[in-house]
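Text of the file work.pdb, holding PDB, C-alpha atoms:
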```pdb
ATOM      1  CA  MET M 273     -28.523  14.621   2.721
ATOM      2  CA  LEU M 274     -28.160  16.720  -0.439
ATOM      3  CA  CYS M 275     -31.543  17.290  -2.012
ATOM      4  CA  PRO M 276     -32.182  18.407  -5.578
ATOM      5  CA  ASP M 277     -35.340  20.427  -4.849
ATOM      6  CA  GLU M 278     -37.533  21.853  -2.094
ATOM      7  CA  ALA M 279     -40.139  19.043  -2.177
ATOM      8  CA  THR M 280     -37.465  16.345  -1.836
ATOM      9  CA  SER M 281     -35.816  18.319   0.946
ATOM     10  CA  GLU M 282     -39.071  18.566   2.867
ATOM     11  CA  TRP M 283     -39.857  14.876   2.366
ATOM     12  CA  TYR M 284     -36.420  13.779   3.616
ATOM     13  CA  ALA M 285     -36.658  16.121   6.602
ATOM     14  CA  GLU M 286     -39.773  14.401   7.973
ATOM     15  CA  PRO M 287     -39.255  12.707  11.379
ATOM     16  CA  ILE M 288     -38.858   8.926  11.198
ATOM     17  CA  PRO M 289     -40.282   6.830  14.022
ATOM     18  CA  THR M 290     -38.007   4.027  15.211
ATOM     19  CA  MET M 291     -38.474   0.875  17.238
ATOM     20  CA  VAL M 292     -36.393   2.378  20.053
ATOM     21  CA  PRO M 293     -38.839   3.552  22.725
ATOM     22  CA  GLY M 294     -38.991   7.346  22.927
ATOM     23  CA  PHE M 295     -36.633   7.907  19.983
ATOM     24  CA  THR M 296     -37.612   9.482  16.684
ATOM     25  CA  PHE M 297     -34.930  10.027  14.077
ATOM     26  CA  LEU M 298     -34.835  13.639  12.877
ATOM     27  CA  PRO M 299     -32.944  13.702   9.560
ATOM     28  CA  ARG M 300     -31.348  16.842   8.245
ATOM     29  CA  ALA M 301     -31.808  17.630   4.586
ATOM     30  CA  LEU M 302     -29.875  20.343   2.824
ATOM     31  CA  HIS M 303     -31.624  22.246   0.067
ATOM     32  CA  PRO M 304     -29.635  24.050  -2.648
ATOM     33  CA  ARG M 305     -31.245  27.349  -1.674
ATOM     34  CA  ARG M 306     -29.435  27.143   1.677
ATOM     35  CA  VAL M 307     -26.002  26.779   0.049
ATOM     36  CA  PRO M 308     -24.441  29.881  -1.528
ATOM     37  CA  ALA M 309     -23.034  29.768  -5.055
ATOM     38  CA  ILE M 310     -19.381  30.641  -4.368
ATOM     39  CA  THR M 311     -17.737  32.378  -7.330
ATOM     40  CA  ASP M 312     -14.659  33.830  -5.589
ATOM     41  CA  PRO M 313     -11.606  31.533  -5.272
ATOM     42  CA  ASP M 314     -10.586  33.321  -2.065
ATOM     43  CA  GLN M 315     -13.924  32.389  -0.497
ATOM     44  CA  VAL M 316     -13.314  28.807  -1.625
ATOM     45  CA  THR M 317      -9.973  28.706   0.194
ATOM     46  CA  ALA M 318     -11.468  30.401   3.258
ATOM     47  CA  ASN M 319     -14.218  27.781   3.586
ATOM     48  CA  PRO M 320     -13.420  24.680   1.513
ATOM     49  CA  SER M 321     -16.157  22.555   3.121
ATOM     50  CA  LEU M 322     -18.810  25.028   2.048
ATOM     51  CA  ALA M 323     -17.153  25.237  -1.374
ATOM     52  CA  VAL M 324     -17.592  21.471  -1.782
ATOM     53  CA  LEU M 325     -21.326  21.854  -1.207
ATOM     54  CA  SER M 326     -21.403  24.903  -3.462
ATOM     55  CA  VAL M 327     -19.866  23.041  -6.411
ATOM     56  CA  ALA M 328     -22.076  19.994  -5.766
ATOM     57  CA  TYR M 329     -25.223  22.133  -5.910
ATOM     58  CA  HIS M 330     -24.264  25.018  -8.173
ATOM     59  CA  GLY M 331     -21.295  23.676 -10.176
ATOM     60  CA  ASP M 332     -23.239  23.845 -13.430
ATOM     61  CA  ASP M 333     -22.557  27.588 -13.219
ATOM     62  CA  PRO M 334     -19.103  27.980 -14.850
ATOM     63  CA  ALA M 335     -18.180  30.763 -12.402
ATOM     64  CA  VAL M 336     -18.777  28.410  -9.447
ATOM     65  CA  ALA M 337     -16.875  25.527 -11.054
ATOM     66  CA  SER M 338     -13.962  27.769 -12.002
ATOM     67  CA  ALA M 339     -13.743  29.346  -8.542
ATOM     68  CA  PHE M 340     -13.825  25.881  -7.000
ATOM     69  CA  VAL M 341     -10.960  24.535  -9.125
ATOM     70  CA  VAL M 342      -8.808  27.663  -8.697
ATOM     71  CA  GLY M 343      -9.523  27.770  -4.959
ATOM     72  CA  MET M 344      -8.560  24.124  -4.535
ATOM     73  CA  GLY M 345      -5.292  24.875  -6.311
ATOM     74  CA  LYS M 346      -4.600  27.633  -3.789
ATOM     75  CA  LEU M 347      -5.101  25.191  -0.914
ATOM     76  CA  GLY M 348      -2.083  23.205  -2.039
ATOM     77  CA  PRO M 349      -1.729  19.656  -3.288
ATOM     78  CA  GLU M 350      -2.744  17.757  -0.149
ATOM     79  CA  ARG M 351      -5.656  19.821   1.172
ATOM     80  CA  GLY M 352      -6.757  20.830  -2.304
ATOM     81  CA  LEU M 353      -6.791  17.239  -3.504
ATOM     82  CA  GLN M 354      -8.803  16.080  -0.516
ATOM     83  CA  TYR M 355     -11.517  18.717  -0.885
ATOM     84  CA  TYR M 356     -11.486  18.517  -4.675
ATOM     85  CA  GLU M 357     -12.157  14.793  -4.536
ATOM     86  CA  TYR M 358     -15.090  15.393  -2.166
ATOM     87  CA  GLY M 359     -16.596  18.003  -4.479
ATOM     88  CA  TYR M 360     -15.946  15.969  -7.607
ATOM     89  CA  SER M 361     -17.494  12.813  -6.161
ATOM     90  CA  MET M 362     -20.581  14.647  -4.864
ATOM     91  CA  SER M 363     -21.221  16.481  -8.129
ATOM     92  CA  SER M 364     -23.467  15.493 -11.003
ATOM     93  CA  LYS M 365     -22.001  14.044 -14.174
ATOM     94  CA  ALA M 366     -22.555  17.381 -15.933
ATOM     95  CA  VAL M 367     -20.611  19.264 -13.245
ATOM     96  CA  CYS M 368     -17.797  16.699 -13.371
ATOM     97  CA  GLN M 369     -17.569  17.216 -17.139
ATOM     98  CA  LEU M 370     -17.368  20.981 -16.624
ATOM     99  CA  LEU M 371     -14.595  20.527 -14.057
ATOM    100  CA  GLU M 372     -12.757  18.284 -16.509
ATOM    101  CA  GLU M 373     -13.053  20.897 -19.256
ATOM    102  CA  LEU M 374     -11.631  23.541 -16.932
ATOM    103  CA  VAL M 375      -8.678  21.336 -16.104
ATOM    104  CA  THR M 376      -8.088  20.513 -19.775
ATOM    105  CA  THR M 377      -8.156  24.111 -20.986
ATOM    106  CA  ALA M 378      -6.302  25.877 -18.174
ATOM    107  CA  ALA M 379      -2.729  24.729 -17.647
ATOM    108  CA  SER M 380      -2.473  26.534 -14.295
ATOM    109  CA  LEU M 381      -5.364  24.667 -12.679
ATOM    110  CA  PRO M 382      -4.733  21.631 -10.473
ATOM    111  CA  ARG M 383      -5.086  18.215 -12.049
ATOM    112  CA  TYR M 384      -6.808  16.111  -9.416
ATOM    113  CA  SER M 385      -9.876  14.592 -11.087
ATOM    114  CA  PRO M 386      -9.744  11.063 -12.524
ATOM    115  CA  PHE M 387     -10.005  12.611 -16.001
ATOM    116  CA  ALA M 388      -7.030  14.880 -15.377
ATOM    117  CA  LYS M 389      -4.934  12.113 -13.876
ATOM    118  CA  LYS M 390      -5.623   9.947 -16.915
ATOM    119  CA  HIS M 391      -4.676  12.694 -19.378
ATOM    120  CA  TYR M 392      -1.891  14.461 -17.497
ATOM    121  CA  GLY M 393      -0.504  11.738 -15.256
ATOM    122  CA  ASP M 394      -0.562  11.240 -11.551
ATOM    123  CA  GLY M 395       2.070  13.443  -9.918
ATOM    124  CA  ARG M 396       3.156  10.561  -7.688
ATOM    125  CA  ILE M 397       3.943   8.393 -10.709
ATOM    126  CA  ASP M 398       5.897  11.194 -12.368
ATOM    127  CA  ALA M 399       7.842  11.773  -9.147
ATOM    128  CA  GLU M 400       8.613   8.069  -8.775
ATOM    129  CA  ARG M 401       9.920   7.869 -12.361
ATOM    130  CA  GLU M 402      12.225  10.799 -11.615
ATOM    131  CA  ALA M 403      13.339   9.197  -8.337
ATOM    132  CA  VAL M 404      14.411   5.985 -10.099
ATOM    133  CA  LEU M 405      16.419   7.948 -12.649
ATOM    134  CA  ASP M 406      17.892  10.239  -9.966
ATOM    135  CA  VAL M 407      19.128   7.318  -7.854
ATOM    136  CA  LEU M 408      20.724   5.710 -10.894
ATOM    137  CA  ALA M 409      22.400   9.005 -11.805
ATOM    138  CA  ALA M 410      23.641   9.540  -8.242
ATOM    139  CA  ARG M 411      25.241   6.091  -8.393
ATOM    140  CA  ASP M 412      26.801   6.842 -11.814
ATOM    141  CA  LEU M 413      24.718   4.117 -13.457
ATOM    142  CA  ALA M 414      23.739   5.291 -16.918
ATOM    143  CA  PRO M 415      20.620   3.616 -18.329
ATOM    144  CA  THR M 416      20.527   2.811 -22.024
ATOM    145  CA  GLU M 417      17.992   4.776 -24.024
ATOM    146  CA  ASP M 418      15.710   1.697 -24.006
ATOM    147  CA  ASP M 419      16.039   1.324 -20.213
ATOM    148  CA  ARG M 420      15.348   5.025 -19.708
ATOM    149  CA  GLN M 421      12.288   4.851 -21.964
ATOM    150  CA  ARG M 422      11.036   1.747 -20.122
ATOM    151  CA  ILE M 423      11.166   3.673 -16.838
ATOM    152  CA  LEU M 424       9.503   6.760 -18.333
ATOM    153  CA  ASP M 425       6.758   4.677 -19.973
ATOM    154  CA  CYS M 426       5.899   2.743 -16.807
ATOM    155  CA  ALA M 427       2.503   3.762 -15.385
ATOM    156  CA  ASP M 428       2.482   1.209 -12.542
ATOM    157  CA  PHE M 429       3.255   3.045  -9.298
ATOM    158  CA  ASP M 430       4.069  -0.158  -7.396
ATOM    159  CA  GLN M 431       6.512  -1.284 -10.105
ATOM    160  CA  LEU M 432       8.217   2.100 -10.021
ATOM    161  CA  LYS M 433       8.520   1.876  -6.214
ATOM    162  CA  THR M 434      10.144  -1.558  -6.607
ATOM    163  CA  TRP M 435      12.605  -0.197  -9.181
ATOM    164  CA  HIS M 436      13.313   2.791  -6.932
ATOM    165  CA  ARG M 437      14.247   0.500  -4.015
ATOM    166  CA  LYS M 438      16.337  -1.752  -6.265
ATOM    167  CA  ALA M 439      18.123   1.233  -7.847
ATOM    168  CA  VAL M 440      19.858   1.833  -4.523
ATOM    169  CA  THR M 441      21.682  -1.511  -4.609
ATOM    170  CA  VAL M 442      21.852  -2.890  -8.186
ATOM    171  CA  ALA M 443      25.263  -3.400  -9.761
ATOM    172  CA  LYS M 444      24.055  -2.453 -13.241
ATOM    173  CA  VAL M 445      20.874  -0.891 -14.625
ATOM    174  CA  SER M 446      19.706  -4.100 -16.306
ATOM    175  CA  ASP M 447      19.499  -5.731 -12.825
ATOM    176  CA  LEU M 448      16.705  -3.294 -12.056
ATOM    177  CA  PHE M 449      14.331  -5.192 -14.348
ATOM    178  CA  SER M 450      15.100  -8.739 -13.180
TER     179      SER M 450
END
```
Output the file's structure as structure tokens, nothing else.
Amino acid sequence: MLCPDEATSEWYAEPIPTMVPGFTFLPRALHPRRVPAITDPDQVTANPSLAVLSVAYHGDDPAVASAFVVGMGKLGPERGLQYYEYGYSMSSKAVCQLLEELVTTAASLPRYSPFAKKHYGDGRIDAEREAVLDVLAARDLAPTEDDRQRILDCADFDQLKTWHRKAVTVAKVSDLFS
């Protein structure tokens, strides 16, 4: 359990008697003092699990938050996204806001948080839009400007997947939308 202070940590670490004969539950409580404040992105990539705890406990320090976001970007989209989501979901609202500010102000940082996805788009949706248009182009089916804009404006991943599958077989672009 993550604990905000020493007293809470000690309270949560107390043994808990159970109704099972001879068994006492011994919880483990993690105090912020036992988690280092990681400010080096290379250390974040070397130990992403510890970095998640570091940002959850010490992310109000801009150096920790920045190292976390940059380090997650170095891990690549799949691993970085997974660990970033853990850190983001375990962090306080204030830390989440700081992470969002970092993403908003630095174009080179990964855009994994819900805030970033909302403002910059989900990469999967962008890729699916491109896939629909690429299949149509490969089949020499030219969408009208309105059709093209309809595809680019669509934010429904499932709808885009449906259009992508249909784009392989439709006779004309307008059939995509029926």
Item to check | Nearest-residue call for M:Asp277, choices M:Pro334, M:Gly343, M:Gly348, M:Pro304, using all atoms listed in the file | outcome: M:Pro304
Next on the checklist: What would the selection look like, as a list in words, if the PyMOL selection byres ((chain M and resi 349-358) around 7) were run on the coordinates I just shared?
Outcome noted: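 Checking the PyMOL selection byres ((chain M and resi 349-358) around 7) against this file, the residues are Pro320, Val324, Met344, Gly345, Leu347, Gly348, Gly359, Tyr360, Ser361, Met362, Tyr384 and Ser385 of chain M.
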Next on the checklist: If we count all atoms listed in the file and set the cut-off at 9 Å, which residues sit around stretch 418-423 of chain M, ignoring sequence neighbours fewer than 3 positions away in its own chain? Please answer as a list in words.
Outcome noted: Arg401, Glu402, Val404, Leu405, Ala414, Pro415, Cys426, Ala427, Leu432, Trp435, Val445, Ser446 and Phe449 of chain M
Checklist outcome for this item: note - atom CA of M:Asp430 and atom CA of M:Ser450 are separated by 15.1 Å
Checklist entry - Looking at M:Ala323, M:Ala409, M:Val367, M:Ala279, which one is nearest to M:His303, with distances taken over only C-alpha atoms? => result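 Between M:Ala323, M:Ala409, M:Val367, M:Ala279, the residue approaching M:His303 most closely is M:Ala279.
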Checklist entry - What is the distance between atom CA of M:Asp425 and atom CA of M:Val341, in Å to one decimal? => result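 Straight-line distance from atom CA of M:Asp425 to atom CA of M:Val341 works out to 28.7 Å.
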Taking all atoms of stretch 358-361 of chain M that the file lists, what box with edges along x, y and z, padded by 5 Å per side, do you get, with centre and edge lengths in Å to one decimal, as lines of an AutoDock Vina configuration file?
```
center_x = -16.3
center_y = 15.4
center_z = -4.9
size_x = 12.4
size_y = 15.2
size_z = 15.4
```
Next on the checklist: Just the number, please: distance in Å from atom CA of M:Ala410 to atom CA of M:Val440, one decimal.
Outcome noted: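 Those two atoms sit 9.4 Å apart.
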Next on the checklist: For this structure, which residues satisfy the selection - the PyMOL selection byres ((chain M and resi 330) around 10) - when it is evaluated on the file as given? I want them as a list in words.
Outcome noted: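 Selection result, ordered by chain and number: Pro304, Arg305, Val307, Pro308, Ala309, Ile310, Thr311, Ala323, Val324, Leu325, Ser326, Val327, Ala328, Tyr329, Gly331, Asp332, Asp333, Pro334, Ala335, Val336, Ala337, Ser363, Ser364 and Val367 of chain M.
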Checklist entry - Using all atoms listed in the file, which of the listed residues (M:His436, M:Arg300, M:Arg306, M:Lys346) sits closest to M:Ala318? => result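 Looking only at the distances to M:Ala318, the closest residue turns out to be M:Lys346.
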Item to check | Counting only C-alpha atoms, the residue of M:Phe429, M:Leu424, M:Glu286, M:Leu408 that sits nearest M:Asp447 | outcome: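 Closest to M:Asp447, using only C-alpha atoms: M:Leu408.
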Next on the checklist: Which residues, named as in the file, does the PyMOL selection byres ((chain M and resi 282) around 12) pick out? Answer as a list in words.
Outcome noted: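 Going through the file, the PyMOL selection byres ((chain M and resi 282) around 12) ends up selecting Met273, Leu274, Cys275, Pro276, Asp277, Glu278, Ala279, Thr280, Ser281, Trp283, Tyr284, Ala285, Glu286, Pro287, Leu298, Pro299, Arg300, Ala301, Leu302 and His303 of chain M.
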Item to check | Using all atoms listed in the file: which of M:Lys433, M:Val342, M:Leu448, M:Val407 has the shortest distance to M:Asp312 | outcome: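 Closest candidate: M:Val342.
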Checklist entry - Looking at M:Asp428, M:Glu372, M:Asp412, M:Glu417, which one is nearest to M:Arg396, with distances taken over all atoms listed in the file? => result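 Nearest to M:Arg396: M:Asp428.
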Kindly reconstruct stretch 333-344 of chain M with all heavy atoms and present the result as a PDB file, in the coordinates of the input.
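Heads up, here's the output in out_20.pdb:
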```
ATOM      1  N   ASP M 333     -22.894  26.198 -12.918  1.00  0.00           N
ATOM      2  CA  ASP M 333     -22.557  27.588 -13.219  1.00  0.00           C
ATOM      3  C   ASP M 333     -21.034  27.628 -13.415  1.00  0.00           C
ATOM      4  O   ASP M 333     -20.277  27.342 -12.481  1.00  0.00           O
ATOM      5  CB  ASP M 333     -22.971  28.489 -12.052  1.00  0.00           C
ATOM      6  CG  ASP M 333     -22.565  29.935 -12.217  1.00  0.00           C
ATOM      7  OD1 ASP M 333     -21.747  30.262 -13.108  1.00  0.00           O
ATOM      8  OD2 ASP M 333     -23.062  30.765 -11.433  1.00  0.00           O
ATOM      9  N   PRO M 334     -20.549  27.987 -14.603  1.00  0.00           N
ATOM     10  CA  PRO M 334     -19.103  27.980 -14.850  1.00  0.00           C
ATOM     11  C   PRO M 334     -18.301  28.833 -13.867  1.00  0.00           C
ATOM     12  O   PRO M 334     -17.170  28.485 -13.538  1.00  0.00           O
ATOM     13  CB  PRO M 334     -18.974  28.529 -16.278  1.00  0.00           C
ATOM     14  CG  PRO M 334     -20.282  28.215 -16.920  1.00  0.00           C
ATOM     15  CD  PRO M 334     -21.309  28.324 -15.821  1.00  0.00           C
ATOM     16  N   ALA M 335     -18.884  29.921 -13.365  1.00  0.00           N
ATOM     17  CA  ALA M 335     -18.180  30.763 -12.402  1.00  0.00           C
ATOM     18  C   ALA M 335     -17.946  30.020 -11.087  1.00  0.00           C
ATOM     19  O   ALA M 335     -16.895  30.158 -10.453  1.00  0.00           O
ATOM     20  CB  ALA M 335     -18.962  32.055 -12.151  1.00  0.00           C
ATOM     21  N   VAL M 336     -18.912  29.205 -10.673  1.00  0.00           N
ATOM     22  CA  VAL M 336     -18.777  28.410  -9.447  1.00  0.00           C
ATOM     23  C   VAL M 336     -17.731  27.322  -9.654  1.00  0.00           C
ATOM     24  O   VAL M 336     -16.836  27.126  -8.821  1.00  0.00           O
ATOM     25  CB  VAL M 336     -20.139  27.803  -9.026  1.00  0.00           C
ATOM     26  CG1 VAL M 336     -19.965  26.820  -7.882  1.00  0.00           C
ATOM     27  CG2 VAL M 336     -21.115  28.902  -8.636  1.00  0.00           C
ATOM     28  N   ALA M 337     -17.822  26.610 -10.770  1.00  0.00           N
ATOM     29  CA  ALA M 337     -16.875  25.527 -11.054  1.00  0.00           C
ATOM     30  C   ALA M 337     -15.445  26.065 -11.158  1.00  0.00           C
ATOM     31  O   ALA M 337     -14.507  25.485 -10.599  1.00  0.00           O
ATOM     32  CB  ALA M 337     -17.268  24.802 -12.333  1.00  0.00           C
ATOM     33  N   SER M 338     -15.286  27.182 -11.841  1.00  0.00           N
ATOM     34  CA  SER M 338     -13.962  27.769 -12.002  1.00  0.00           C
ATOM     35  C   SER M 338     -13.395  28.227 -10.658  1.00  0.00           C
ATOM     36  O   SER M 338     -12.229  27.960 -10.343  1.00  0.00           O
ATOM     37  CB  SER M 338     -14.030  28.947 -12.968  1.00  0.00           C
ATOM     38  OG  SER M 338     -12.760  29.539 -13.109  1.00  0.00           O
ATOM     39  N   ALA M 339     -14.198  28.897  -9.858  1.00  0.00           N
ATOM     40  CA  ALA M 339     -13.743  29.346  -8.542  1.00  0.00           C
ATOM     41  C   ALA M 339     -13.348  28.153  -7.678  1.00  0.00           C
ATOM     42  O   ALA M 339     -12.350  28.200  -6.950  1.00  0.00           O
ATOM     43  CB  ALA M 339     -14.833  30.163  -7.852  1.00  0.00           C
ATOM     44  N   PHE M 340     -14.118  27.086  -7.773  1.00  0.00           N
ATOM     45  CA  PHE M 340     -13.825  25.881  -7.000  1.00  0.00           C
ATOM     46  C   PHE M 340     -12.460  25.308  -7.377  1.00  0.00           C
ATOM     47  O   PHE M 340     -11.616  25.036  -6.517  1.00  0.00           O
ATOM     48  CB  PHE M 340     -14.934  24.846  -7.214  1.00  0.00           C
ATOM     49  CG  PHE M 340     -14.705  23.561  -6.477  1.00  0.00           C
ATOM     50  CD1 PHE M 340     -14.882  23.486  -5.103  1.00  0.00           C
ATOM     51  CD2 PHE M 340     -14.323  22.418  -7.150  1.00  0.00           C
ATOM     52  CE1 PHE M 340     -14.668  22.310  -4.419  1.00  0.00           C
ATOM     53  CE2 PHE M 340     -14.118  21.229  -6.479  1.00  0.00           C
ATOM     54  CZ  PHE M 340     -14.290  21.173  -5.107  1.00  0.00           C
ATOM     55  N   VAL M 341     -12.218  25.134  -8.669  1.00  0.00           N
ATOM     56  CA  VAL M 341     -10.960  24.535  -9.125  1.00  0.00           C
ATOM     57  C   VAL M 341      -9.775  25.435  -8.771  1.00  0.00           C
ATOM     58  O   VAL M 341      -8.763  24.963  -8.263  1.00  0.00           O
ATOM     59  CB  VAL M 341     -11.019  24.234 -10.637  1.00  0.00           C
ATOM     60  CG1 VAL M 341      -9.671  23.786 -11.165  1.00  0.00           C
ATOM     61  CG2 VAL M 341     -12.077  23.183 -10.923  1.00  0.00           C
ATOM     62  N   VAL M 342      -9.897  26.738  -9.010  1.00  0.00           N
ATOM     63  CA  VAL M 342      -8.808  27.663  -8.697  1.00  0.00           C
ATOM     64  C   VAL M 342      -8.565  27.701  -7.186  1.00  0.00           C
ATOM     65  O   VAL M 342      -7.426  27.662  -6.719  1.00  0.00           O
ATOM     66  CB  VAL M 342      -9.103  29.073  -9.259  1.00  0.00           C
ATOM     67  CG1 VAL M 342      -8.076  30.079  -8.768  1.00  0.00           C
ATOM     68  CG2 VAL M 342      -9.131  29.043 -10.779  1.00  0.00           C
ATOM     69  N   GLY M 343      -9.649  27.750  -6.412  1.00  0.00           N
ATOM     70  CA  GLY M 343      -9.523  27.770  -4.959  1.00  0.00           C
ATOM     71  C   GLY M 343      -8.858  26.522  -4.414  1.00  0.00           C
ATOM     72  O   GLY M 343      -8.024  26.587  -3.503  1.00  0.00           O
ATOM     73  N   MET M 344      -9.187  25.369  -4.980  1.00  0.00           N
ATOM     74  CA  MET M 344      -8.560  24.124  -4.535  1.00  0.00           C
ATOM     75  C   MET M 344      -7.067  24.149  -4.846  1.00  0.00           C
ATOM     76  O   MET M 344      -6.253  23.677  -4.052  1.00  0.00           O
ATOM     77  CB  MET M 344      -9.207  22.906  -5.202  1.00  0.00           C
ATOM     78  CG  MET M 344     -10.630  22.626  -4.757  1.00  0.00           C
ATOM     79  SD  MET M 344     -10.787  22.328  -2.989  1.00  0.00           S
ATOM     80  CE  MET M 344     -11.727  23.770  -2.487  1.00  0.00           C
TER      81      MET M 344
END
```
